[in-house]
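Trainee: Handing over data_29.txt, compact mmCIF, C-alpha atoms and all ligand atoms.
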```txt
# COMPACT_ATOMS: atom_id res chain seq x y z
CA MET A 18 1.22 -46.20 35.22
CA THR A 19 -1.84 -43.97 35.46
CA GLN A 20 0.34 -40.91 35.10
CA ARG A 21 1.98 -42.34 32.00
CA GLY A 22 -1.40 -43.29 30.59
CA ILE A 23 -2.66 -39.77 30.97
CA LEU A 24 0.43 -38.31 29.35
CA ALA A 25 0.27 -40.79 26.50
CA ARG A 26 -3.27 -39.75 25.64
CA ARG A 27 -2.32 -36.10 25.41
CA PRO A 28 -1.17 -34.57 22.13
CA ALA A 29 2.62 -34.56 21.93
CA TRP A 30 2.88 -30.78 22.14
CA SER A 31 1.13 -30.59 25.51
CA VAL A 32 3.97 -32.60 27.04
CA ALA A 33 6.38 -30.00 25.67
CA VAL A 34 4.27 -27.23 27.16
CA LEU A 35 3.94 -28.77 30.63
CA PRO A 36 7.42 -27.79 31.88
CA VAL A 37 6.84 -24.25 30.62
CA VAL A 38 3.53 -24.09 32.43
CA ALA A 39 5.26 -25.38 35.55
CA VAL A 40 7.94 -22.70 35.24
CA ALA A 41 5.27 -20.06 34.64
CA ALA A 42 3.34 -21.23 37.70
CA GLY A 43 6.57 -21.12 39.72
CA ALA A 44 7.35 -17.65 38.46
CA PHE A 45 3.86 -16.54 39.35
CA LEU A 46 4.12 -17.99 42.83
CA SER A 47 7.50 -16.45 43.53
CA HIS A 48 6.20 -13.17 42.09
CA TRP A 49 3.23 -13.32 44.43
CA LEU A 50 5.34 -14.18 47.45
CA GLN A 51 7.72 -11.30 46.93
CA ARG A 52 6.58 -8.04 48.49
CA PRO A 53 6.88 -5.65 46.78
CA PRO A 54 7.19 -7.45 43.46
CA SER A 55 10.39 -6.63 41.66
CA ILE A 56 9.98 -6.19 37.95
CA GLY A 57 12.75 -5.23 35.58
CA GLY A 58 16.37 -4.57 36.44
CA ALA A 59 19.63 -5.40 34.75
CA PHE A 60 19.71 -7.18 31.41
CA GLU A 61 22.04 -7.81 28.53
CA LEU A 62 20.79 -8.24 24.98
CA LEU A 63 22.03 -7.61 21.44
CA ASP A 64 21.28 -4.59 19.25
CA ARG A 65 20.69 -4.70 15.49
CA ASP A 66 24.43 -4.90 14.86
CA SER A 67 24.74 -7.79 17.35
CA ARG A 68 26.59 -5.55 19.81
CA PRO A 69 25.81 -5.84 23.51
CA PHE A 70 22.97 -3.61 24.66
CA THR A 71 22.23 -3.41 28.38
CA ASP A 72 19.85 -1.61 30.72
CA ALA A 73 22.62 0.98 31.14
CA ASN A 74 22.07 2.01 27.50
CA LEU A 75 18.53 3.10 28.42
CA ARG A 76 19.41 4.94 31.65
CA GLY A 77 18.69 8.67 31.80
CA ARG A 78 15.39 8.55 29.94
CA PRO A 79 12.20 6.63 30.73
CA PHE A 80 11.26 3.73 28.50
CA ALA A 81 8.33 1.51 27.56
CA ILE A 82 9.38 -2.08 26.88
CA TYR A 83 7.35 -4.74 25.09
CA PHE A 84 8.07 -8.41 24.38
CA GLY A 85 6.93 -10.27 21.27
CA TYR A 86 8.22 -11.62 17.98
CA THR A 87 8.32 -10.38 14.39
CA ARG A 88 6.00 -13.13 13.13
CA CYS A 89 3.36 -12.06 15.64
CA PRO A 90 0.41 -11.33 13.38
CA ASP A 91 -1.22 -8.40 15.09
CA VAL A 92 -0.91 -7.95 18.82
CA CYS A 93 2.74 -6.91 18.50
CA PRO A 94 2.26 -4.55 15.54
CA THR A 95 -0.86 -3.06 17.12
CA THR A 96 0.86 -2.49 20.45
CA LEU A 97 3.93 -0.90 18.83
CA LEU A 98 1.74 1.30 16.59
CA HIS A 99 -0.17 2.44 19.67
CA LEU A 100 3.04 3.22 21.56
CA ALA A 101 4.28 5.32 18.64
CA ASP A 102 0.91 7.07 18.45
CA TRP A 103 0.73 7.77 22.19
CA ARG A 104 4.26 9.15 22.17
CA ARG A 105 3.35 11.51 19.33
CA ARG A 106 0.25 12.65 21.23
CA MET A 107 2.38 13.48 24.29
CA GLY A 108 4.08 16.23 22.31
CA ALA A 109 7.39 17.50 23.71
CA ASP A 110 7.11 15.22 26.77
CA GLY A 111 6.88 12.24 24.47
CA GLU A 112 10.31 12.95 23.08
CA LYS A 113 11.85 11.74 26.34
CA LEU A 114 10.20 8.34 26.02
CA GLN A 115 12.15 5.44 24.54
CA ILE A 116 10.21 2.56 22.99
CA VAL A 117 11.89 -0.84 23.23
CA PHE A 118 10.82 -4.05 21.49
CA VAL A 119 12.41 -7.35 22.57
CA SER A 120 11.95 -10.45 20.43
CA VAL A 121 11.44 -13.57 22.56
CA ASP A 122 11.98 -15.73 19.47
CA PRO A 123 15.76 -15.49 19.08
CA GLU A 124 15.98 -18.75 17.14
CA ILE A 125 14.16 -17.18 14.20
CA ASP A 126 14.48 -13.40 14.77
CA THR A 127 18.06 -12.30 14.23
CA PRO A 128 19.26 -9.04 15.82
CA ALA A 129 19.36 -7.44 12.35
CA SER A 130 15.82 -8.54 11.47
CA VAL A 131 14.44 -7.16 14.74
CA GLY A 132 16.15 -3.84 13.95
CA ALA A 133 14.62 -3.83 10.45
CA TYR A 134 11.24 -4.76 11.90
CA VAL A 135 11.02 -1.80 14.29
CA ASP A 136 11.95 0.49 11.37
CA LEU A 137 8.67 -0.47 9.68
CA PHE A 138 6.87 1.61 12.31
CA ARG A 139 8.53 4.82 11.10
CA ALA A 140 9.02 5.98 14.66
CA SER A 141 12.23 5.85 16.63
CA MET A 142 12.24 2.47 18.37
CA ILE A 143 14.91 0.18 19.74
CA GLY A 144 14.67 -3.42 18.56
CA LEU A 145 16.55 -6.02 20.60
CA THR A 146 16.96 -9.74 20.97
CA GLY A 147 19.79 -11.92 22.28
CA THR A 148 20.93 -15.42 22.86
CA PRO A 149 18.16 -17.71 24.12
CA ALA A 150 19.72 -17.46 27.61
CA GLN A 151 19.81 -13.65 27.50
CA VAL A 152 16.20 -13.52 26.36
CA ALA A 153 15.15 -15.97 29.09
CA ALA A 154 16.92 -13.81 31.67
CA ILE A 155 15.20 -10.54 30.74
CA ALA A 156 11.82 -12.30 30.42
CA ASP A 157 12.32 -13.64 33.91
CA ALA A 158 13.30 -10.20 35.22
CA TYR A 159 10.12 -8.67 33.77
CA ARG A 160 7.90 -11.64 34.72
CA VAL A 161 7.12 -12.10 31.06
CA VAL A 162 5.71 -15.48 30.18
CA TYR A 163 6.47 -16.93 26.77
CA ALA A 164 6.33 -20.45 25.44
CA LYS A 165 7.23 -22.15 22.21
CA VAL A 166 4.24 -24.18 21.10
CA PRO A 167 4.78 -26.78 18.36
CA GLN A 168 2.23 -26.60 15.55
CA PRO A 169 0.50 -29.43 13.63
CA SER A 170 2.48 -29.08 10.42
CA GLY A 171 5.84 -28.55 12.10
CA GLY A 172 7.55 -25.44 13.41
CA TYR A 173 6.28 -23.56 16.42
CA ASN A 174 4.55 -20.37 17.43
CA VAL A 175 5.38 -18.35 20.50
CA ASP A 176 2.69 -17.65 23.07
CA HIS A 177 3.60 -14.51 24.97
CA SER A 178 2.22 -12.05 27.48
CA THR A 179 1.14 -8.70 26.12
CA ALA A 180 1.80 -6.10 28.81
CA VAL A 181 3.95 -3.03 28.16
CA PHE A 182 6.27 -2.24 31.08
CA LEU A 183 7.07 1.36 31.99
CA VAL A 184 10.46 2.08 33.54
CA ASP A 185 11.69 5.47 34.72
CA SER A 186 14.93 7.26 33.87
CA ALA A 187 16.66 5.67 36.88
CA GLY A 188 15.75 2.16 35.74
CA ARG A 189 12.93 1.62 38.23
CA TYR A 190 9.76 -0.17 37.18
CA VAL A 191 6.77 2.16 37.53
CA ASP A 192 3.68 0.67 35.92
CA SER A 193 2.42 -1.42 33.06
CA ILE A 194 -0.08 -0.93 30.25
CA SER A 195 -2.35 -3.88 29.46
CA PRO A 196 -4.20 -4.49 26.19
CA LEU A 197 -7.36 -3.69 28.13
CA ASP A 198 -6.28 -0.10 28.82
CA ASN A 199 -7.87 2.45 26.54
CA ASP A 200 -6.00 5.40 25.00
CA GLU A 201 -6.74 7.74 27.92
CA ALA A 202 -5.61 5.24 30.56
CA ALA A 203 -2.43 4.43 28.64
CA LEU A 204 -1.63 8.10 28.03
CA ALA A 205 -2.18 8.93 31.71
CA LYS A 206 0.31 6.23 32.71
CA LEU A 207 2.86 7.43 30.17
CA ARG A 208 2.49 11.07 31.32
CA THR A 209 3.00 10.00 34.91
CA LEU A 210 6.10 8.08 33.86
CA VAL A 211 7.79 10.95 32.04
CA ALA A 212 6.85 13.45 34.78
CA ARG A 213 8.88 11.54 37.38
CA MET B 1 -23.01 -28.53 -40.52
CA LYS B 2 -24.80 -25.36 -39.77
CA SER B 3 -26.14 -26.66 -36.46
CA HIS B 4 -22.64 -27.73 -35.45
CA SER B 5 -21.17 -24.26 -35.89
CA MET B 6 -24.21 -22.89 -34.10
CA ILE B 7 -23.47 -25.12 -31.15
CA ALA B 8 -19.81 -24.13 -31.26
CA MET B 9 -20.74 -20.46 -31.25
CA LEU B 10 -23.14 -20.96 -28.38
CA ALA B 11 -20.48 -22.86 -26.49
CA LEU B 12 -17.96 -20.07 -27.12
CA ALA B 13 -20.45 -17.45 -26.00
CA PHE B 14 -21.18 -19.46 -22.89
CA MET B 15 -17.47 -19.85 -22.12
CA ALA B 16 -16.86 -16.15 -22.69
CA THR B 17 -19.64 -15.30 -20.24
CA GLY B 18 -18.21 -17.78 -17.82
CA ILE B 19 -14.75 -16.25 -18.10
CA ARG B 20 -16.09 -12.77 -17.51
CA ASN B 21 -18.17 -13.68 -14.46
CA VAL B 22 -16.00 -16.32 -12.87
CA PRO B 23 -12.41 -15.20 -12.54
CA ALA B 24 -9.65 -17.76 -12.02
CA ALA B 25 -11.95 -20.71 -12.74
CA ALA B 26 -13.58 -20.44 -9.30
CA PRO B 27 -17.26 -21.11 -8.74
CA ALA B 28 -19.39 -18.00 -8.65
CA GLN B 29 -20.60 -18.51 -5.10
CA LEU B 30 -17.30 -17.64 -3.33
CA ARG B 31 -16.04 -14.07 -3.45
CA ILE B 32 -12.92 -12.66 -1.84
CA GLU B 33 -13.11 -9.06 -0.69
CA ALA B 34 -10.29 -6.69 0.20
CA PRO B 35 -7.37 -9.13 0.36
CA TRP B 36 -4.34 -7.50 1.98
CA ALA B 37 -1.09 -8.38 3.70
CA ARG B 38 1.15 -6.53 6.12
CA GLU B 39 4.50 -5.32 4.90
CA THR B 40 7.46 -7.25 6.34
CA ALA B 41 11.01 -6.32 7.23
CA GLU B 42 14.23 -7.54 5.69
CA GLY B 43 15.03 -10.83 7.37
CA GLN B 44 11.55 -11.28 8.85
CA ARG B 45 10.69 -14.93 8.29
CA ASP B 46 6.88 -14.91 8.13
CA GLY B 47 4.08 -12.45 7.36
CA GLY B 48 0.30 -12.22 7.75
CA GLY B 49 -2.53 -11.84 5.22
CA PHE B 50 -6.20 -10.93 5.60
CA MET B 51 -9.43 -10.87 3.55
CA THR B 52 -13.17 -11.39 3.73
CA ILE B 53 -14.56 -14.57 2.19
CA VAL B 54 -18.16 -14.26 1.05
CA ASN B 55 -20.21 -17.34 0.21
CA ASP B 56 -23.23 -16.47 -1.93
CA GLY B 57 -24.01 -20.15 -2.46
CA LYS B 58 -26.56 -22.35 -0.76
CA SER B 59 -24.01 -24.84 0.51
CA ALA B 60 -21.24 -24.44 3.05
CA ASP B 61 -17.62 -24.71 1.97
CA GLN B 62 -14.24 -24.82 3.67
CA LEU B 63 -10.99 -22.99 3.02
CA VAL B 64 -8.62 -25.94 3.30
CA ALA B 65 -5.27 -24.66 2.03
CA ALA B 66 -3.44 -21.73 0.50
CA SER B 67 -0.19 -21.17 -1.35
CA SER B 68 1.83 -18.34 -2.82
CA PRO B 69 5.00 -18.00 -4.88
CA VAL B 70 6.36 -15.52 -2.29
CA SER B 71 6.75 -18.07 0.50
CA ALA B 72 7.61 -21.71 1.01
CA GLU B 73 4.25 -22.30 2.64
CA VAL B 74 1.00 -20.54 3.45
CA GLN B 75 -0.80 -21.67 6.59
CA ILE B 76 -4.22 -20.90 8.00
CA HIS B 77 -4.03 -19.50 11.53
CA THR B 78 -6.06 -17.96 14.26
CA VAL B 79 -5.21 -15.85 17.30
CA GLN B 80 -6.60 -16.14 20.79
CA MET B 81 -6.09 -13.67 23.60
CA GLU B 82 -6.31 -15.42 26.95
CA ASN B 83 -5.40 -13.98 30.35
CA GLY B 84 -3.16 -11.39 28.73
CA MET B 85 -1.41 -14.01 26.60
CA MET B 86 -1.30 -13.90 22.81
CA ARG B 87 -1.63 -17.38 21.32
CA MET B 88 -1.37 -18.01 17.59
CA ARG B 89 -2.51 -21.40 16.38
CA GLU B 90 -2.40 -23.23 13.08
CA LEU B 91 -5.80 -24.48 11.88
CA PRO B 92 -4.96 -27.66 9.96
CA GLU B 93 -8.65 -28.20 9.11
CA GLY B 94 -8.91 -24.72 7.63
CA ILE B 95 -11.84 -22.35 7.98
CA ALA B 96 -15.54 -23.19 7.52
CA ILE B 97 -17.39 -20.82 5.20
CA PRO B 98 -21.13 -21.08 5.96
CA ALA B 99 -23.70 -21.02 3.20
CA GLN B 100 -24.70 -17.44 2.40
CA GLY B 101 -22.29 -16.24 5.03
CA ARG B 102 -19.12 -14.20 5.26
CA VAL B 103 -15.98 -14.89 7.21
CA GLU B 104 -13.54 -12.14 8.00
CA LEU B 105 -9.84 -12.86 8.20
CA LYS B 106 -8.59 -9.87 10.17
CA PRO B 107 -6.01 -8.78 12.74
CA ARG B 108 -6.39 -10.49 16.14
CA SER B 109 -8.40 -13.24 14.56
CA LEU B 110 -8.28 -15.61 11.60
CA HIS B 111 -5.53 -14.96 9.08
CA ILE B 112 -3.26 -16.65 6.61
CA MET B 113 0.45 -16.75 7.31
CA PHE B 114 3.19 -16.69 4.72
CA ILE B 115 5.77 -19.09 6.15
CA LYS B 116 9.40 -18.65 5.11
CA LEU B 117 9.08 -15.66 2.81
CA GLN B 118 11.45 -15.72 -0.16
CA ARG B 119 11.71 -11.94 0.12
CA PRO B 120 10.15 -9.13 2.17
CA LEU B 121 6.61 -8.00 1.28
CA ARG B 122 6.88 -4.36 0.22
CA ALA B 123 4.15 -1.81 0.87
CA GLY B 124 2.27 -1.02 -2.34
CA GLU B 125 2.92 -4.26 -4.19
CA LYS B 126 0.40 -7.00 -4.81
CA VAL B 127 1.19 -10.65 -4.19
CA PRO B 128 -0.75 -13.61 -5.58
CA VAL B 129 -2.26 -16.11 -3.17
CA THR B 130 -4.08 -19.23 -4.33
CA LEU B 131 -6.87 -20.32 -2.01
CA LYS B 132 -8.15 -23.87 -2.12
CA PHE B 133 -11.73 -24.58 -1.11
CA ARG B 134 -13.04 -28.09 -0.43
CA ALA B 135 -15.99 -27.77 -2.82
CA GLY B 136 -15.25 -24.57 -4.67
CA GLY B 137 -11.82 -25.45 -6.00
CA GLU B 138 -8.99 -22.98 -6.34
CA GLN B 139 -9.09 -19.25 -6.63
CA THR B 140 -6.15 -16.89 -6.96
CA VAL B 141 -6.38 -13.43 -5.41
CA MET B 142 -3.94 -10.52 -5.44
CA MET B 143 -3.17 -9.31 -1.92
CA GLU B 144 -2.36 -5.65 -1.58
CA VAL B 145 0.61 -5.14 0.74
CA ARG B 146 -0.08 -2.35 3.22
CA ALA B 147 2.46 -0.25 5.08
CA MET B 148 2.74 -1.11 8.77
CA ALA B 149 1.51 2.33 9.79
CA ALA B 150 -1.60 1.87 7.60
CA SER B 151 -2.34 -1.58 8.96
CA MET B 152 -3.86 -0.77 12.33
CA MET B 153 -7.31 -2.25 11.97
CA SER B 154 -8.67 -2.43 15.49
CA PRO B 155 -8.42 -0.13 18.50
CA MET B 156 -6.33 -1.27 21.46
CA PRO B 157 -9.12 -2.31 23.86
CA ALA B 158 -10.56 -4.95 21.56
CA PRO B 159 -9.78 -8.47 22.70
CA PRO B 160 -12.10 -10.77 20.76
CA ALA B 161 -15.41 -11.39 22.51
CA LYS B 162 -15.71 -14.94 23.72
CU CU C 1 -0.14 -16.61 12.11
```
Could you render the structure as structure tokens?
Mentor:
Amino acid sequence: MTQRGILARRPAWSVAVLPVVAVAAGAFLSHWLQRPPSIGGAFELLDRDSRPFTDANLRGRPFAIYFGYTRCPDVCPTTLLHLADWRRRMGADGEKLQIVFVSVDPEIDTPASVGAYVDLFRASMIGLTGTPAQVAAIADAYRVVYAKVPQPSGGYNVDHSTAVFLVDSAGRYVDSISPLDNDEAALAKLRTLVAR
Amino acid sequence: MKSHSMIAMLALAFMATGIRNVPAAAPAQLRIEAPWARETAEGQRDGGGFMTIVNDGKSADQLVAASSPVSAEVQIHTVQMENGMMRMRELPEGIAIPAQGRVELKPRSLHIMFIKLQRPLRAGEKVPVTLKFRAGGEQTVMMEVRAMAASMMSPMPAPPAK
């Protein structure tokens, strides 16, 4: 009774968010319990032509992978613009680096629209999404948290984590760049990645 | 007779002045500076727009709604960065514009969102957006669409101060 009363007084969307929060908490706990934490690994998504694209397609060169959605108003564009800028500043070493953007909003972002979106950055980038199950699987592998949050006038926005994950040419997770890292810190991590 | 035409002329002169100083029938106390939007890709459903709203008046106002012929809807949003999570939220009440104040709609913060674009926003074009203020009425501005690469407004280490 009390439980139901509490839930009833909450806005409807918070009930929708609760399971996601529970899953996120579970993911965090299992992440914390695992030593060393495993981040990354195998995935299967879809490229701009809706053909399968897997981790094997990235093997042989290091990559920086970021999760977001095309409607994301600024954190996603800013992060992708920074990645393109850092890669340019790395000179010849930067040419080895692949930049990958994965949309975690597959219900609205089609594979073709994600491909067109990364083209806006005028830098070579790989834009991917997949079925909701494929996207959930790679998000889980990278410990990426995302949640659909219903909005007052209908529709939903997607809350998502903002780290960039760095993976070496053999497919091993190396490091991550957070929005709190400045240019020098981010560049140092990227140089370490490509030097491996 | 003569006084009537005099009044008419005065009225016309007054209206002409009004038209020159108050574009789009908006009250003089609200000014929109540097309205711009980010270019969008083919197939991208929504897009963001930014501007600075300046209130020269002595009373507060509120941006309550917006619309544009380029999208089915225009919503008022904000962004919060919390524990490394990006959260975008609709603001159904709109945005308060304090008396003699200015409010910046900018990346990582308040913005308007074109929902369900009819077509992509192309860099270089200008798109009309009608802003509705609680007291100040409606005002239509032309938003300049900027190329993605020209749209980086804030450096990376700049989560909004709480
Ligand atoms: Cu928005």
Trainee: Could you pull out the residues sitting within 9 Å of ligand CU 1 (chain C), using only C-alpha atoms and all ligand atoms, and write them as a PyMOL selection string?
Mentor: (chain A and resi 88-91+174) or (chain B and resi 46-49+75-79+88-90+110-115)
Trainee: Per residue of chain B within 7 Å of chain A, note the shortest atom pair and the distance in Å to one decimal, counting all atoms listed in the file, and order the rows by chain and increasing residue number, as a Markdown table.
Mentor:
```
| residue | atom | partner | partner_atom | distance |
| --- | --- | --- | --- | --- |
| B:Ala41 | CA | A:Tyr134 | CA | 4.9 |
| B:Glu42 | CA | A:Ala133 | CA | 6.0 |
| B:Gly43 | CA | A:Ser130 | CA | 4.8 |
| B:Gln44 | CA | A:Ser130 | CA | 5.7 |
| B:Arg45 | CA | A:Arg88 | CA | 7.0 |
| B:Asp46 | CA | A:Arg88 | CA | 5.4 |
| B:Gly47 | CA | A:Arg88 | CA | 6.1 |
| B:Gly48 | CA | A:Pro90 | CA | 5.7 |
| B:Gly84 | CA | A:Ser178 | CA | 5.6 |
| B:Met85 | CA | A:Ser178 | CA | 4.2 |
| B:Met86 | CA | A:His177 | CA | 5.4 |
| B:Arg87 | CA | A:Asp176 | CA | 4.7 |
| B:Met88 | CA | A:Asn174 | CA | 6.4 |
| B:Glu90 | CA | A:Gln168 | CA | 6.2 |
| B:Pro92 | CA | A:Pro169 | CA | 6.8 |
| B:Pro107 | CA | A:Asp91 | CA | 5.3 |
| B:Arg108 | CA | A:Asp91 | CA | 5.7 |
| B:Met148 | CA | A:Leu137 | CA | 6.0 |
| B:Ala149 | CA | A:Phe138 | CA | 6.0 |
| B:Met152 | CA | A:Thr95 | CA | 6.1 |
| B:Met156 | CA | A:Pro196 | CA | 6.1 |
| B:Pro157 | CA | A:Leu197 | CA | 4.8 |
```
Trainee: Which value, in Å to one decimal, gives the distance between atom CA of B:Lys58 and atom CA of B:Ile32?
Mentor: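 These atoms are spaced 16.8 Å apart.
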Trainee: Any idea what the distance is between atom CA of B:Ile97 and atom CA of B:Val54?
Mentor: 7.8 Å
Trainee: So which residues touch B:Glu104 within 8 Å, counting all atoms listed in the file, skipping near sequence neighbours fewer than 6 positions away, as a CSV table (one decimal) with C-alpha atoms, keeping the file's coordinate frame?
Mentor:
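See around37.csv below for the written result:
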```csv
chain,number,residue,atom,x,y,z
B,50,PHE,CA,-6.2,-10.9,5.6
B,51,MET,CA,-9.4,-10.9,3.6
B,52,THR,CA,-13.2,-11.4,3.7
B,53,ILE,CA,-14.6,-14.6,2.2
B,110,LEU,CA,-8.3,-15.6,11.6
```
Trainee: Provide the atom CA of A:Ala202 to atom CA of A:Asp110 distance in Å, to one decimal place.
Mentor: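 For atom CA of A:Ala202 relative to atom CA of A:Asp110, the distance reads 16.6 Å.
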Trainee: Taking (-7.2, -25.9, -6.5) in the file's coordinates, which residues come within 10 Å, counting all atoms listed in the file, written as an MDAnalysis selection string?
Mentor: chainID B and resid 25:26 64:67 130:140
Trainee: Kindly indicate which residue among B:Ala60, B:Ala99, B:Val74, B:Ala147 lies nearest to B:Pro128, using only C-alpha atoms for the distances.
Mentor: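 Checking each of B:Ala60, B:Ala99, B:Val74, B:Ala147 against B:Pro128, counting only C-alpha atoms, the winner is B:Val74.
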Trainee: Could you rebuild stretch 46-54 of chain B with all heavy atoms and give it back as a compact mmCIF listing (two decimals), keeping the file's coordinate frame?
Mentor:
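So result12.txt came out as:
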```
# COMPACT_ATOMS: atom_id res chain seq x y z
N ASP B 46 8.27 -14.67 8.52
CA ASP B 46 6.88 -14.91 8.13
C ASP B 46 6.10 -13.60 8.08
O ASP B 46 6.50 -12.61 8.68
CB ASP B 46 6.20 -15.83 9.16
CG ASP B 46 6.92 -17.16 9.36
OD1 ASP B 46 7.73 -17.53 8.49
OD2 ASP B 46 6.68 -17.81 10.39
N GLY B 47 4.94 -13.63 7.42
CA GLY B 47 4.08 -12.45 7.36
C GLY B 47 2.62 -12.86 7.33
O GLY B 47 2.29 -14.01 7.01
N GLY B 48 1.72 -11.92 7.66
CA GLY B 48 0.30 -12.22 7.75
C GLY B 48 -0.52 -11.63 6.61
O GLY B 48 -0.18 -10.59 6.06
N GLY B 49 -1.63 -12.32 6.26
CA GLY B 49 -2.53 -11.84 5.22
C GLY B 49 -3.99 -11.95 5.67
O GLY B 49 -4.33 -12.82 6.47
N PHE B 50 -4.82 -11.06 5.14
CA PHE B 50 -6.20 -10.93 5.60
C PHE B 50 -7.15 -10.73 4.41
O PHE B 50 -6.73 -10.29 3.35
CB PHE B 50 -6.32 -9.74 6.56
CG PHE B 50 -5.25 -9.72 7.63
CD1 PHE B 50 -4.05 -9.04 7.45
CD2 PHE B 50 -5.44 -10.42 8.81
CE1 PHE B 50 -3.06 -9.05 8.42
CE2 PHE B 50 -4.46 -10.42 9.81
CZ PHE B 50 -3.27 -9.74 9.60
N MET B 51 -8.43 -11.03 4.61
CA MET B 51 -9.43 -10.87 3.55
C MET B 51 -10.79 -11.22 4.13
O MET B 51 -10.89 -11.76 5.22
CB MET B 51 -9.11 -11.79 2.37
CG MET B 51 -9.39 -13.26 2.66
SD MET B 51 -8.68 -14.39 1.45
CE MET B 51 -7.28 -14.99 2.40
N THR B 52 -11.83 -10.91 3.36
CA THR B 52 -13.17 -11.39 3.73
C THR B 52 -13.62 -12.38 2.67
O THR B 52 -13.51 -12.09 1.47
CB THR B 52 -14.16 -10.21 3.83
OG1 THR B 52 -13.70 -9.32 4.85
CG2 THR B 52 -15.56 -10.69 4.19
N ILE B 53 -14.07 -13.55 3.12
CA ILE B 53 -14.56 -14.57 2.19
C ILE B 53 -16.08 -14.58 2.26
O ILE B 53 -16.66 -14.75 3.33
CB ILE B 53 -13.99 -15.96 2.54
CG1 ILE B 53 -12.46 -15.91 2.54
CG2 ILE B 53 -14.51 -17.02 1.56
CD1 ILE B 53 -11.80 -17.17 3.08
N VAL B 54 -16.70 -14.33 1.11
CA VAL B 54 -18.16 -14.26 1.05
C VAL B 54 -18.67 -15.47 0.28
O VAL B 54 -18.20 -15.75 -0.82
CB VAL B 54 -18.62 -12.96 0.35
CG1 VAL B 54 -20.14 -12.85 0.40
CG2 VAL B 54 -17.96 -11.74 1.00
```
